[in-house]
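S.K.: Structure in structure tokens, see below.
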Amino acid sequence: MTEAKFYQSIESGGLYNLLIEDPAGAWLISYERPAAPFFVSWDLLCSNYQRAQTPRQFEEYANMAGSTIAQKRRLAFISALLADERCITDKAIRRGKIKEASAANGVTEKSLYRLYYRYLATRILTAKKKRDSKAHPDFDWAIRTFYFSSKRMSLRSAYETMLLAKYADDNGNLTADYPSWRCFERYYYARGYNRDPAKIIAREGKSKYQRDFRPISGAVMDWKAAVGSYQMDATQADIFLVSRTDRNAIVGRPYIYLAVDTASHLIAGVHIGFEAGQQSVISCLANAAEDKTAFCAKYGVEISADQWPSRGVPYEIITDQGREFTGEGMGAFCMRYGTELHILPPFRPDQKGIVEKTFDLIQSRYKPLLRGKGVIEPDAQERWATDYSKQAVLNLDEFTAVVINCIIAINTGQILPTGETPVQLWTRLPDNLLQVDSKEVYYMGLTQSDAKVARKGISCNGFWYTPNPQCHLRIGDRCRVSFDPERIDTVYIISGGQHYPCRLSPSCKAYAGIGIAESRLLKEMIGQKKRNNSEQELMANLKLRNAIAEIVESRKEEKA
């Protein structure tokens, strides 16, 4: 026989295996319906048939022929026919060989014909048996009704519930034909219910399936082709910080807001503070729009422009349904700069997985280096755990400098699947950013309130500010002011669409350089000092009165 060559009938579409070639033509056998080989002339073969690809199943069975005892036994039945090619072309010789093999092996001639033809056509000696279990409506009903349920019933419980419903009499006794547990369990796995996505959706919910079990294809790197699509989110850092005015005062855990570019994975903007809200989101976007060299210099970190090249407003923001991301402030921001806001469905952090992973990257870099300095360990909620707040040593400015250094390390040192760093990929990709004044973005997020000019100045949040002379305000005038809860040094008078800064008055200079959260602690400390001083003053006055009274009494006695 020749090497495997297959031809397809142009008229019927049937597939045929070419067995022998000779000068006049070729001998073919049907692949789908193996029967006696037949002769086809070359002219007829060229006109009515076309070359076809060898079926994959043919190759599989050809490679495994004779690999089992049963296959070796069947191959021995037809070995005499396979050794003589005349059995393909001559019916008489084929018939004689079949009779001899039938007598020698005790196998019917019909079975040998069928085995011989099937082997010539397909190389099949023993076909794989299909073990397709019959449908069992009661089992299907029990699995989909009781097991595929939000009640999360076990498979055994679903089986027992089915027995009570379908195979028990009024007294609760099982009928004689009830199925066994093993039969029910095998049916569950044989039908593939264990791999059915409907099981997870029904028992765990669609969000759980979409987040942890849905098929994932492609790469997030190919999702966006240009920089300017930012994923935004916030998290509370796993560290306690102290006040910038008194290192013995614990302020709490800061919030970290990030804007991470989807295409390049570069951290484009950051904001760290004790306040969580709309102002923090806008401050993060303002940071994304500003020059990073000047920003880092404020915290004592010197960088070059190419170490953190992002500067501008994104064309798209991808975030979750947090209140600070969906408020009026973000709506006004998107309307002014033409930014498209994509709000993800709830409980789907996987759809903004880049920013979620970036939080882990940042915290995994600073936490090992700051252990014992306020970092919260996994055992924080356990009994007898250490009070990590008492270990705090860093203030907000120092922690911000730490995070900036972590960001620089990630932007310039993290190797992406492309073999590039985020900075290198950012530089190579097209830029869809809108260049704006970062101060303008910052002003958009400030909290606004009404104020009145008094003799001491302008009062805001319990602090006094000196009015800006450019506003030409007089005592008794009312004005609109805006302020940043993270920076109480300055408030801004809003007039004619402009923001005029007003500094803290000299009477409030003790609160310079801190935010509202820290000012509460400082006010409490100052109040406590005043209370202590008032007691000392009272004791001093009482001693004075007593001394004067003693002097007066002694003079009265001398006069008498």
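Residue names in the structure tokens use chain letters A, B, ... in the order shown, residue numbers from 1 in each chain, and ligand numbers from 1 in the order shown.
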Which residues, written as a VMD selection string, have at least one atom at most 8 Å from Val242 in chain A, with only C-alpha atoms counted and residues fewer than 6 positions away on the same chain left out?
M.R.: chain A and resid 248 to 252 392 to 396
S.K.: With only C-alpha atoms as the counted atoms, please give the residues lying no more than 8 Å from range 340-345 of chain A, apart from itself and same-chain residues fewer than 6 positions off, as a list in words.
M.R.: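 Here the answer would be Tyr315, Glu316, Ile317, Ile318, Thr319, Asp320, Gln321, Thr326, Cys334 and Gln351 of chain A.
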S.K.: Just to be explicit: take each residue in the selection above, keep C-alpha atoms, and write the result as a CSV table (one decimal), in the first residue's frame.
M.R.:
```
chain,number,residue,atom,x,y,z
A,315,TYR,CA,-9.4,61.5,27.8
A,316,GLU,CA,-11.0,58.6,29.8
A,317,ILE,CA,-11.4,57.7,33.5
A,318,ILE,CA,-12.3,54.1,34.6
A,319,THR,CA,-13.4,53.8,38.2
A,320,ASP,CA,-15.9,52.2,40.4
A,321,GLN,CA,-19.2,53.4,42.0
A,326,THR,CA,-19.6,59.8,40.8
A,334,CYS,CA,-15.6,65.7,32.8
A,351,GLN,CA,-12.3,45.4,35.5
```
S.K.: Within 6 Å of range 47-59 of chain A, counting only C-alpha atoms, which residues qualify if same-chain residues fewer than 3 places away don't, as a compact mmCIF listing (two decimals) with C-alpha atoms, in the first residue's frame?
M.R.:
```txt
# COMPACT_ATOMS: atom_id res chain seq x y z
CA PHE A 6 -7.06 10.94 0.62
CA TYR A 7 -9.40 12.13 -2.11
CA GLN A 8 -12.82 13.73 -1.87
CA SER A 9 -15.59 13.14 -4.37
CA ILE A 10 -16.58 16.37 -6.08
CA LEU A 44 -11.87 9.62 -13.73
CA ALA A 62 -2.46 4.65 12.85
CA THR A 122 -9.38 4.10 8.87
```
S.K.: Counting only C-alpha atoms, which residue out of A:Leu19, A:Ala297, A:Ala202, A:Val260 sits closest to Pro314 in chain A?
M.R.: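 Of all the options, A:Val260 lies closest to Pro314 in chain A.
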S.K.: Once DSSP has gone over the backbone, tell me which residues of range 147-282 of chain A are in alpha helix (DSSP H), as JSON, numbers by chain.
M.R.: {"A": [155, 156, 157, 158, 159, 160, 161, 162, 163, 164, 165, 166, 181, 182, 183, 184, 185, 186, 187, 188, 189, 190, 197, 198, 199, 200, 201, 202, 203, 204, 206, 207, 208, 209, 210, 211, 212, 278, 279, 280, 281, 282]}
S.K.: Write a file of the just-selected residues containing C-alpha atoms, as a PDB file, in the first residue's frame.
M.R.:
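Contents of out-v2.pdb, freshly written:
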```
ATOM      1  CA  LEU A 155     -24.910  17.574  46.330  1.00  0.00           C
ATOM      2  CA  ARG A 156     -25.803  14.899  48.868  1.00  0.00           C
ATOM      3  CA  SER A 157     -28.568  17.104  50.277  1.00  0.00           C
ATOM      4  CA  ALA A 158     -29.898  17.700  46.758  1.00  0.00           C
ATOM      5  CA  TYR A 159     -29.983  13.920  46.234  1.00  0.00           C
ATOM      6  CA  GLU A 160     -31.855  13.318  49.495  1.00  0.00           C
ATOM      7  CA  THR A 161     -34.332  16.110  48.751  1.00  0.00           C
ATOM      8  CA  MET A 162     -35.005  14.504  45.353  1.00  0.00           C
ATOM      9  CA  LEU A 163     -35.707  11.147  47.021  1.00  0.00           C
ATOM     10  CA  LEU A 164     -38.269  12.710  49.328  1.00  0.00           C
ATOM     11  CA  ALA A 165     -39.938  14.494  46.435  1.00  0.00           C
ATOM     12  CA  LYS A 166     -39.870  11.745  43.795  1.00  0.00           C
ATOM     13  CA  TRP A 181     -26.351   7.924  45.692  1.00  0.00           C
ATOM     14  CA  ARG A 182     -23.447   6.633  43.571  1.00  0.00           C
ATOM     15  CA  CYS A 183     -25.658   6.602  40.495  1.00  0.00           C
ATOM     16  CA  PHE A 184     -26.721  10.206  41.143  1.00  0.00           C
ATOM     17  CA  GLU A 185     -23.138  11.319  41.794  1.00  0.00           C
ATOM     18  CA  ARG A 186     -21.792   9.656  38.631  1.00  0.00           C
ATOM     19  CA  TYR A 187     -24.548  11.239  36.589  1.00  0.00           C
ATOM     20  CA  TYR A 188     -23.602  14.680  37.967  1.00  0.00           C
ATOM     21  CA  TYR A 189     -19.980  14.367  36.817  1.00  0.00           C
ATOM     22  CA  ALA A 190     -20.708  12.464  33.595  1.00  0.00           C
ATOM     23  CA  PRO A 197     -20.827  28.024  34.680  1.00  0.00           C
ATOM     24  CA  ALA A 198     -24.474  28.045  35.718  1.00  0.00           C
ATOM     25  CA  LYS A 199     -23.456  26.246  38.930  1.00  0.00           C
ATOM     26  CA  ILE A 200     -21.178  29.098  40.058  1.00  0.00           C
ATOM     27  CA  ILE A 201     -23.617  31.801  38.937  1.00  0.00           C
ATOM     28  CA  ALA A 202     -26.518  30.163  40.785  1.00  0.00           C
ATOM     29  CA  ARG A 203     -24.599  29.351  43.976  1.00  0.00           C
ATOM     30  CA  GLU A 204     -22.154  32.296  44.203  1.00  0.00           C
ATOM     31  CA  LYS A 206     -22.876  36.450  38.665  1.00  0.00           C
ATOM     32  CA  SER A 207     -20.376  38.933  40.095  1.00  0.00           C
ATOM     33  CA  LYS A 208     -18.366  36.113  41.668  1.00  0.00           C
ATOM     34  CA  TYR A 209     -18.338  34.229  38.371  1.00  0.00           C
ATOM     35  CA  GLN A 210     -17.311  37.276  36.339  1.00  0.00           C
ATOM     36  CA  ARG A 211     -14.591  38.150  38.820  1.00  0.00           C
ATOM     37  CA  ASP A 212     -12.992  34.763  39.552  1.00  0.00           C
ATOM     38  CA  GLN A 278     -14.318  64.391  46.057  1.00  0.00           C
ATOM     39  CA  GLN A 279     -11.549  66.876  46.902  1.00  0.00           C
ATOM     40  CA  SER A 280      -9.018  64.030  47.078  1.00  0.00           C
ATOM     41  CA  VAL A 281     -10.081  62.675  43.665  1.00  0.00           C
ATOM     42  CA  ILE A 282      -9.699  66.083  42.019  1.00  0.00           C
TER      43      ILE A 282
END
```
S.K.: Give me, as a ChimeraX atom specification, all polymer residues having an atom no more than 9 Å from Asn287 in chain A, counting only C-alpha atoms and skipping those fewer than 3 positions away in the same chain.
M.R.: /A:268-271,282-284,290-292,295,311-312,438,441-442
S.K.: Quick one: of A:Gly322, A:Gly372, A:Pro467, A:Gly515, who's nearest to Arg455 in chain A, counting only C-alpha atoms?
M.R.: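 Under the stated criterion, the closest residue is A:Pro467.
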S.K.: Would you kindly return, as number ranges by chain, each protein, DNA or RNA residue with an atom no farther than 8 Å from any atom of Arg253 in chain A, considering only C-alpha atoms and excluding same-chain residues fewer than 4 positions away?
M.R.: A: 236-241, 274
S.K.: Using only C-alpha atoms, please write the residues we just selected to a file, as a short mmCIF file (atom, residue, chain, number, x, y, z; two decimals), in the first residue's frame.
M.R.:
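Printed below is part39.cif as written:
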```
data_model
loop_
_atom_site.label_atom_id
_atom_site.label_comp_id
_atom_site.auth_asym_id
_atom_site.auth_seq_id
_atom_site.Cartn_x
_atom_site.Cartn_y
_atom_site.Cartn_z
CA GLN A 236 -6.45 53.22 53.12
CA ALA A 237 -2.75 52.65 53.68
CA ASP A 238 -1.67 49.95 56.14
CA ILE A 239 0.28 52.36 58.35
CA PHE A 240 -0.38 54.82 61.16
CA LEU A 241 1.01 58.36 60.96
CA PHE A 274 -6.35 61.96 55.81
#
```
